[in-house]
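Shown next: protein-v1.pdb, given as PDB, C-alpha atoms and all ligand atoms.
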ATOM      1  CA  MET A  26     -29.510  25.784 -14.316  1.00  0.00           C
ATOM      2  CA  ILE A  27     -31.587  25.357 -17.476  1.00  0.00           C
ATOM      3  CA  GLU A  28     -30.954  29.036 -18.222  1.00  0.00           C
ATOM      4  CA  THR A  29     -27.206  28.396 -18.186  1.00  0.00           C
ATOM      5  CA  LEU A  30     -27.596  25.592 -20.715  1.00  0.00           C
ATOM      6  CA  GLN A  31     -29.904  27.702 -22.889  1.00  0.00           C
ATOM      7  CA  ASN A  32     -27.371  30.507 -22.787  1.00  0.00           C
ATOM      8  CA  ILE A  33     -24.605  28.155 -23.941  1.00  0.00           C
ATOM      9  CA  GLU A  34     -26.885  26.803 -26.659  1.00  0.00           C
ATOM     10  CA  THR A  35     -27.876  30.202 -28.081  1.00  0.00           C
ATOM     11  CA  ARG A  36     -24.564  32.112 -27.840  1.00  0.00           C
ATOM     12  CA  TYR A  37     -23.177  32.925 -31.265  1.00  0.00           C
ATOM     13  CA  SER A  38     -20.426  35.088 -32.725  1.00  0.00           C
ATOM     14  CA  CYS A  39     -21.994  38.459 -33.530  1.00  0.00           C
ATOM     15  CA  ARG A  40     -20.294  40.399 -36.344  1.00  0.00           C
ATOM     16  CA  SER A  41     -22.682  43.327 -36.744  1.00  0.00           C
ATOM     17  CA  TYR A  42     -23.497  45.926 -34.082  1.00  0.00           C
ATOM     18  CA  THR A  43     -25.887  48.850 -33.701  1.00  0.00           C
ATOM     19  CA  GLY A  44     -24.517  52.053 -32.198  1.00  0.00           C
ATOM     20  CA  THR A  45     -26.675  51.668 -29.082  1.00  0.00           C
ATOM     21  CA  PRO A  46     -24.554  52.320 -25.977  1.00  0.00           C
ATOM     22  CA  ILE A  47     -24.275  49.534 -23.404  1.00  0.00           C
ATOM     23  CA  GLU A  48     -25.707  50.238 -19.954  1.00  0.00           C
ATOM     24  CA  PRO A  49     -22.881  50.680 -17.399  1.00  0.00           C
ATOM     25  CA  GLU A  50     -24.491  48.055 -15.085  1.00  0.00           C
ATOM     26  CA  LYS A  51     -24.253  45.492 -17.861  1.00  0.00           C
ATOM     27  CA  ILE A  52     -20.586  46.282 -18.427  1.00  0.00           C
ATOM     28  CA  LYS A  53     -19.991  45.872 -14.692  1.00  0.00           C
ATOM     29  CA  SER A  54     -21.876  42.552 -14.593  1.00  0.00           C
ATOM     30  CA  ILE A  55     -19.769  41.182 -17.444  1.00  0.00           C
ATOM     31  CA  ALA A  56     -16.547  42.349 -15.786  1.00  0.00           C
ATOM     32  CA  LEU A  57     -17.653  40.669 -12.551  1.00  0.00           C
ATOM     33  CA  ALA A  58     -18.424  37.409 -14.395  1.00  0.00           C
ATOM     34  CA  ALA A  59     -14.909  37.581 -15.843  1.00  0.00           C
ATOM     35  CA  VAL A  60     -13.169  37.742 -12.494  1.00  0.00           C
ATOM     36  CA  GLN A  61     -15.475  35.036 -11.085  1.00  0.00           C
ATOM     37  CA  ALA A  62     -13.824  32.538 -13.440  1.00  0.00           C
ATOM     38  CA  PRO A  63     -11.943  29.619 -11.913  1.00  0.00           C
ATOM     39  CA  SER A  64      -8.157  29.506 -12.279  1.00  0.00           C
ATOM     40  CA  ALA A  65      -5.409  27.040 -11.443  1.00  0.00           C
ATOM     41  CA  MET A  66      -4.587  27.373  -7.719  1.00  0.00           C
ATOM     42  CA  ASN A  67      -6.863  30.431  -7.759  1.00  0.00           C
ATOM     43  CA  LEU A  68      -3.918  32.467  -9.063  1.00  0.00           C
ATOM     44  CA  GLN A  69      -6.218  34.648 -11.186  1.00  0.00           C
ATOM     45  CA  PRO A  70      -3.357  35.368 -13.620  1.00  0.00           C
ATOM     46  CA  TRP A  71      -5.258  38.023 -15.525  1.00  0.00           C
ATOM     47  CA  GLN A  72      -6.226  41.667 -15.786  1.00  0.00           C
ATOM     48  CA  ILE A  73      -9.449  42.675 -17.516  1.00  0.00           C
ATOM     49  CA  ILE A  74      -9.311  45.878 -19.553  1.00  0.00           C
ATOM     50  CA  VAL A  75     -12.647  47.289 -20.712  1.00  0.00           C
ATOM     51  CA  ILE A  76     -12.378  49.679 -23.655  1.00  0.00           C
ATOM     52  CA  GLN A  77     -15.280  51.919 -24.639  1.00  0.00           C
ATOM     53  CA  ASP A  78     -13.192  54.682 -26.211  1.00  0.00           C
ATOM     54  CA  LYS A  79     -14.646  54.819 -29.737  1.00  0.00           C
ATOM     55  CA  ALA A  80     -11.790  56.879 -31.165  1.00  0.00           C
ATOM     56  CA  LEU A  81      -9.179  54.474 -29.769  1.00  0.00           C
ATOM     57  CA  MET A  82     -10.988  51.402 -31.079  1.00  0.00           C
ATOM     58  CA  GLU A  83     -11.387  52.967 -34.521  1.00  0.00           C
ATOM     59  CA  ASP A  84      -7.722  53.955 -34.542  1.00  0.00           C
ATOM     60  CA  MET A  85      -6.579  50.431 -33.598  1.00  0.00           C
ATOM     61  CA  ASP A  86      -8.910  48.946 -36.212  1.00  0.00           C
ATOM     62  CA  ALA A  87      -7.708  51.259 -39.002  1.00  0.00           C
ATOM     63  CA  THR A  88      -4.013  50.870 -38.120  1.00  0.00           C
ATOM     64  CA  THR A  89      -4.293  47.081 -38.129  1.00  0.00           C
ATOM     65  CA  MET A  90      -6.310  46.943 -41.348  1.00  0.00           C
ATOM     66  CA  ASP A  91      -3.700  49.186 -42.987  1.00  0.00           C
ATOM     67  CA  MET A  92      -0.927  46.797 -41.894  1.00  0.00           C
ATOM     68  CA  LEU A  93      -2.888  43.774 -43.136  1.00  0.00           C
ATOM     69  CA  SER A  94      -3.558  45.437 -46.503  1.00  0.00           C
ATOM     70  CA  LYS A  95       0.189  45.783 -47.068  1.00  0.00           C
ATOM     71  CA  MET A  96       1.102  42.202 -46.176  1.00  0.00           C
ATOM     72  CA  GLU A  97       2.139  39.768 -48.890  1.00  0.00           C
ATOM     73  CA  ASP A  98      -0.351  37.198 -47.582  1.00  0.00           C
ATOM     74  CA  LYS A  99      -3.653  39.005 -47.998  1.00  0.00           C
ATOM     75  CA  SER A 100      -5.864  36.168 -46.722  1.00  0.00           C
ATOM     76  CA  THR A 101      -6.650  37.733 -43.321  1.00  0.00           C
ATOM     77  CA  TYR A 102      -7.227  41.153 -44.895  1.00  0.00           C
ATOM     78  CA  GLU A 103      -9.564  39.677 -47.492  1.00  0.00           C
ATOM     79  CA  ARG A 104     -11.472  37.652 -44.892  1.00  0.00           C
ATOM     80  CA  ILE A 105     -12.118  40.805 -42.853  1.00  0.00           C
ATOM     81  CA  MET A 106     -13.012  42.814 -45.967  1.00  0.00           C
ATOM     82  CA  GLY A 107     -15.521  40.095 -46.814  1.00  0.00           C
ATOM     83  CA  ARG A 108     -17.117  40.642 -43.398  1.00  0.00           C
ATOM     84  CA  GLY A 109     -17.540  44.414 -43.749  1.00  0.00           C
ATOM     85  CA  GLY A 110     -13.938  45.623 -43.597  1.00  0.00           C
ATOM     86  CA  LYS A 111     -13.719  46.225 -39.851  1.00  0.00           C
ATOM     87  CA  LEU A 112     -11.566  44.094 -37.573  1.00  0.00           C
ATOM     88  CA  PHE A 113     -13.837  45.006 -34.641  1.00  0.00           C
ATOM     89  CA  TYR A 114     -17.135  45.076 -36.594  1.00  0.00           C
ATOM     90  CA  ASN A 115     -17.898  48.563 -35.165  1.00  0.00           C
ATOM     91  CA  ALA A 116     -18.543  47.056 -31.724  1.00  0.00           C
ATOM     92  CA  PRO A 117     -18.789  49.781 -29.060  1.00  0.00           C
ATOM     93  CA  CYS A 118     -16.903  47.832 -26.413  1.00  0.00           C
ATOM     94  CA  MET A 119     -13.950  45.497 -26.179  1.00  0.00           C
ATOM     95  CA  PHE A 120     -12.929  43.398 -23.202  1.00  0.00           C
ATOM     96  CA  ILE A 121      -9.248  42.534 -23.288  1.00  0.00           C
ATOM     97  CA  VAL A 122      -8.068  39.633 -21.165  1.00  0.00           C
ATOM     98  CA  ALA A 123      -4.432  40.356 -20.385  1.00  0.00           C
ATOM     99  CA  LYS A 124      -2.670  37.312 -18.970  1.00  0.00           C
ATOM    100  CA  LYS A 125       0.519  36.246 -17.252  1.00  0.00           C
ATOM    101  CA  PRO A 126       2.763  34.078 -19.502  1.00  0.00           C
ATOM    102  CA  ASP A 127       1.754  30.380 -19.856  1.00  0.00           C
ATOM    103  CA  THR A 128      -1.776  30.786 -18.551  1.00  0.00           C
ATOM    104  CA  ASP A 129      -3.681  30.207 -21.786  1.00  0.00           C
ATOM    105  CA  LEU A 130      -6.218  27.858 -20.233  1.00  0.00           C
ATOM    106  CA  ASP A 131      -7.166  30.265 -17.443  1.00  0.00           C
ATOM    107  CA  CYS A 132      -7.406  33.038 -20.030  1.00  0.00           C
ATOM    108  CA  GLY A 133      -9.720  30.927 -22.175  1.00  0.00           C
ATOM    109  CA  ILE A 134     -12.057  30.274 -19.278  1.00  0.00           C
ATOM    110  CA  VAL A 135     -12.300  33.989 -18.451  1.00  0.00           C
ATOM    111  CA  THR A 136     -12.952  34.696 -22.104  1.00  0.00           C
ATOM    112  CA  GLU A 137     -15.870  32.278 -22.240  1.00  0.00           C
ATOM    113  CA  ASN A 138     -17.294  33.756 -19.018  1.00  0.00           C
ATOM    114  CA  ILE A 139     -17.275  37.178 -20.684  1.00  0.00           C
ATOM    115  CA  ALA A 140     -18.944  35.870 -23.843  1.00  0.00           C
ATOM    116  CA  LEU A 141     -21.623  33.959 -21.937  1.00  0.00           C
ATOM    117  CA  ALA A 142     -22.303  36.828 -19.533  1.00  0.00           C
ATOM    118  CA  ALA A 143     -22.743  39.225 -22.448  1.00  0.00           C
ATOM    119  CA  SER A 144     -25.111  36.789 -24.188  1.00  0.00           C
ATOM    120  CA  ALA A 145     -27.098  36.309 -20.980  1.00  0.00           C
ATOM    121  CA  LEU A 146     -27.603  40.089 -20.823  1.00  0.00           C
ATOM    122  CA  GLY A 147     -28.934  40.203 -24.381  1.00  0.00           C
ATOM    123  CA  LEU A 148     -25.715  41.584 -25.845  1.00  0.00           C
ATOM    124  CA  GLY A 149     -24.064  40.368 -29.018  1.00  0.00           C
ATOM    125  CA  ASN A 150     -20.435  39.364 -28.666  1.00  0.00           C
ATOM    126  CA  VAL A 151     -17.587  37.727 -30.503  1.00  0.00           C
ATOM    127  CA  ILE A 152     -14.289  36.412 -29.216  1.00  0.00           C
ATOM    128  CA  CYS A 153     -11.657  38.256 -31.252  1.00  0.00           C
ATOM    129  CA  GLY A 154      -8.237  36.613 -31.334  1.00  0.00           C
ATOM    130  CA  LEU A 155      -7.219  38.760 -34.295  1.00  0.00           C
ATOM    131  CA  ALA A 156      -7.086  41.726 -31.913  1.00  0.00           C
ATOM    132  CA  LYS A 157      -3.577  40.529 -31.032  1.00  0.00           C
ATOM    133  CA  LEU A 158      -2.475  41.898 -34.424  1.00  0.00           C
ATOM    134  CA  VAL A 159      -3.055  45.397 -33.085  1.00  0.00           C
ATOM    135  CA  PHE A 160       0.096  44.970 -31.006  1.00  0.00           C
ATOM    136  CA  THR A 161       2.208  44.008 -34.040  1.00  0.00           C
ATOM    137  CA  THR A 162       1.508  47.243 -35.939  1.00  0.00           C
ATOM    138  CA  ASP A 163       3.791  50.309 -36.054  1.00  0.00           C
ATOM    139  CA  LYS A 164       1.796  51.685 -33.122  1.00  0.00           C
ATOM    140  CA  GLY A 165       1.805  48.350 -31.287  1.00  0.00           C
ATOM    141  CA  GLU A 166       4.117  49.455 -28.482  1.00  0.00           C
ATOM    142  CA  GLU A 167       2.065  52.598 -27.916  1.00  0.00           C
ATOM    143  CA  TYR A 168      -1.146  50.546 -27.639  1.00  0.00           C
ATOM    144  CA  LYS A 169       0.565  48.046 -25.366  1.00  0.00           C
ATOM    145  CA  LYS A 170       1.720  50.788 -23.040  1.00  0.00           C
ATOM    146  CA  LYS A 171      -1.771  52.207 -22.901  1.00  0.00           C
ATOM    147  CA  LEU A 172      -3.692  48.948 -22.521  1.00  0.00           C
ATOM    148  CA  ILE A 173      -1.624  46.067 -21.179  1.00  0.00           C
ATOM    149  CA  PRO A 174      -0.401  46.272 -17.572  1.00  0.00           C
ATOM    150  CA  GLU A 175       3.269  45.602 -16.788  1.00  0.00           C
ATOM    151  CA  GLY A 176       4.024  41.878 -16.454  1.00  0.00           C
ATOM    152  CA  TYR A 177       1.022  40.868 -18.572  1.00  0.00           C
ATOM    153  CA  GLU A 178       0.536  40.125 -22.245  1.00  0.00           C
ATOM    154  CA  PHE A 179      -2.441  40.169 -24.572  1.00  0.00           C
ATOM    155  CA  GLY A 180      -4.403  36.960 -24.049  1.00  0.00           C
ATOM    156  CA  MET A 181      -7.717  37.342 -25.830  1.00  0.00           C
ATOM    157  CA  SER A 182     -10.419  39.913 -26.508  1.00  0.00           C
ATOM    158  CA  VAL A 183     -14.194  39.844 -26.661  1.00  0.00           C
ATOM    159  CA  LEU A 184     -16.151  42.446 -28.620  1.00  0.00           C
ATOM    160  CA  VAL A 185     -19.517  43.338 -27.114  1.00  0.00           C
ATOM    161  CA  GLY A 186     -22.504  45.423 -28.204  1.00  0.00           C
ATOM    162  CA  TYR A 187     -26.132  45.320 -29.225  1.00  0.00           C
ATOM    163  CA  PRO A 188     -26.525  43.155 -32.326  1.00  0.00           C
ATOM    164  CA  THR A 189     -28.152  44.488 -35.484  1.00  0.00           C
ATOM    165  CA  ASN A 190     -29.810  41.100 -35.842  1.00  0.00           C
ATOM    166  CA  ALA A 191     -30.671  39.297 -32.631  1.00  0.00           C
ATOM    167  CA  GLU A 192     -31.398  36.117 -34.565  1.00  0.00           C
ATOM    168  CA  GLY A 193     -27.755  35.177 -35.128  1.00  0.00           C
ATOM    169  CA  LYS A 194     -27.013  31.491 -35.286  1.00  0.00           C
ATOM    170  CA  PRO A 195     -24.380  29.548 -33.407  1.00  0.00           C
ATOM    171  CA  HIS A 196     -22.461  26.804 -35.203  1.00  0.00           C
ATOM    172  CA  GLU A 197     -24.112  23.407 -35.555  1.00  0.00           C
ATOM    173  CA  PRO A 198     -22.873  21.188 -32.711  1.00  0.00           C
ATOM    174  CA  ASP A 199     -20.932  18.183 -34.049  1.00  0.00           C
ATOM    175  CA  MET A 200     -22.087  15.209 -32.015  1.00  0.00           C
ATOM    176  CA  SER A 201     -19.368  13.013 -33.578  1.00  0.00           C
ATOM    177  CA  LYS A 202     -16.918  14.906 -31.355  1.00  0.00           C
ATOM    178  CA  ILE A 203     -18.348  13.118 -28.311  1.00  0.00           C
ATOM    179  CA  THR A 204     -17.385   9.612 -27.201  1.00  0.00           C
ATOM    180  CA  TYR A 205     -19.205   7.804 -24.406  1.00  0.00           C
ATOM    181  CA  ILE A 206     -17.390   4.957 -22.692  1.00  0.00           C
ATOM    182  CA  GLY A 207     -19.312   2.644 -20.382  1.00  0.00           C
TER     183      GLY A 207
HETATM  184  C1  LIG B 301      -9.857  31.661 -29.605  1.00  0.00           C
HETATM  185  C2  LIG B 301     -10.874  32.220 -30.572  1.00  0.00           C
HETATM  186  C3  LIG B 301     -10.504  33.267 -31.413  1.00  0.00           C
HETATM  187  C4  LIG B 301     -11.443  33.823 -32.298  1.00  0.00           C
HETATM  188  N1  LIG B 301     -11.079  34.905 -33.051  1.00  0.00           N
HETATM  189  C5  LIG B 301     -12.001  35.473 -33.871  1.00  0.00           C
HETATM  190  C6  LIG B 301     -11.678  36.654 -34.594  1.00  0.00           C
HETATM  191  O1  LIG B 301     -10.578  37.195 -34.501  1.00  0.00           O
HETATM  192  N2  LIG B 301     -12.633  37.204 -35.374  1.00  0.00           N
HETATM  193  C7  LIG B 301     -13.882  36.648 -35.501  1.00  0.00           C
HETATM  194  O2  LIG B 301     -14.708  37.189 -36.217  1.00  0.00           O
HETATM  195  N3  LIG B 301     -14.226  35.532 -34.815  1.00  0.00           N
HETATM  196  C8  LIG B 301     -13.327  34.936 -33.999  1.00  0.00           C
HETATM  197  N4  LIG B 301     -13.666  33.844 -33.243  1.00  0.00           N
HETATM  198  C9  LIG B 301     -15.043  33.316 -33.341  1.00  0.00           C
HETATM  199  C10 LIG B 301     -15.116  31.971 -34.070  1.00  0.00           C
HETATM  200  O3  LIG B 301     -14.932  32.190 -35.456  1.00  0.00           O
HETATM  201  C11 LIG B 301     -16.483  31.314 -33.769  1.00  0.00           C
HETATM  202  O4  LIG B 301     -16.562  31.039 -32.376  1.00  0.00           O
HETATM  203  C12 LIG B 301     -16.706  30.024 -34.533  1.00  0.00           C
HETATM  204  O5  LIG B 301     -16.782  30.273 -35.915  1.00  0.00           O
HETATM  205  C13 LIG B 301     -17.994  29.304 -34.097  1.00  0.00           C
HETATM  206  O6  LIG B 301     -19.114  30.133 -34.307  1.00  0.00           O
HETATM  207  P1  LIG B 301     -20.081  30.554 -33.109  1.00  0.00           P
HETATM  208  O7  LIG B 301     -19.235  31.243 -32.054  1.00  0.00           O
HETATM  209  O8  LIG B 301     -21.052  31.491 -33.746  1.00  0.00           O
HETATM  210  O9  LIG B 301     -20.729  29.314 -32.564  1.00  0.00           O
HETATM  211  C14 LIG B 301     -12.758  33.286 -32.366  1.00  0.00           C
HETATM  212  C15 LIG B 301     -13.118  32.249 -31.489  1.00  0.00           C
HETATM  213  C16 LIG B 301     -12.198  31.735 -30.595  1.00  0.00           C
HETATM  214  C17 LIG B 301     -12.634  30.648 -29.630  1.00  0.00           C
END

So that I can check it, write out the structure of this file as structure tokens.
Amino acid sequence: MIETLQNIETRYSCRSYTGTPIEPEKIKSIALAAVQAPSAMNLQPWQIIVIQDKALMEDMDATTMDMLSKMEDKSTYERIMGRGGKLFYNAPCMFIVAKKPDTDLDCGIVTENIALAASALGLGNVICGLAKLVFTTDKGEEYKKKLIPEGYEFGMSVLVGYPTNAEGKPHEPDMSKITYIG
């Protein structure tokens, strides 16, 4: 119980990864934690896609960065360049949560399960909403065909890997966001 709370307290968004491969048992444990998530009416409106294909991830990263570099609004491109220039921070693994339409909340809960499971196993991780941009590039349809099952859409992704610095810091909790009544 206390471990769960400590895990929530120490999870942080990791944006720098070593090349160390992730043990297959750890990948399996994270995938299991994902599908153990609760869902409305237990409909489980998701599919979990685990990508460890380095060449594919690098290709998606480069294609998306190229698209962003050519956009009139360069703010996203510049933000990523300021963080090392890689959309996926060289993470060796990406969990995609593909979802049925209108199931954002269920998708969010799965996503947090993945992030917390990875943290619990000593793995760095970051929820990566910007990964949706991959599917808006010239090669978007090709990626979609390869990665997103029929009847599903991209919901969210979580990048996972061993962190270069295990001392990463989560955001400061804002206690003013809490109201107690009674
Ligand atoms: C829905 C969602 C989408 C996010 N997308 C990205 C992203 O694309 N890239 C990124 O570096 N961080 C992303 N994050 C991580 C947030 O920036 C991070 O959770 C927030 O700054 C708080 O920091 P912490 O997670 O270290 O506590 C996302 C987080 C959430 C919940």

Residue among A:Lys99, A:Lys169, A:Arg36, A:Lys124 lying closest to ligand LIG 301 (chain B), counting all atoms listed in the file: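 So, comparing all the options, the nearest one is A:Arg36.
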
Which is closer to Leu93 of chain A than all the others in A:Ile33, A:Val75, A:Leu146, A:Leu112, using all atoms listed in the file?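 For Leu93 of chain A, the nearest of the candidates is A:Leu112.
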
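Each of A:Ile203, A:Met96, A:Cys39, A:Leu148 was checked against ligand LIG 301 (chain B) using only C-alpha atoms and all ligand atoms; the smallest atom-to-atom distance is that of A:Cys39.
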
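Reported to one decimal place, the separation of atom CA of Ile139 of chain A from atom CA of Leu184 of chain A is 9.6 Å.
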
For Ser54 of chain A: contacts at 9 Å, all atoms listed in the file, fewer than 3 positions along chain excluded, given as a list in words: Pro49, Glu50, Lys51, Leu57, Ala58, Ala59, Ala142, Ala143 and Leu146 of chain A

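Here atom O5 of ligand LIG 301 (chain B) stands at a distance of 10.6 Å from atom CA of Cys153 of chain A.
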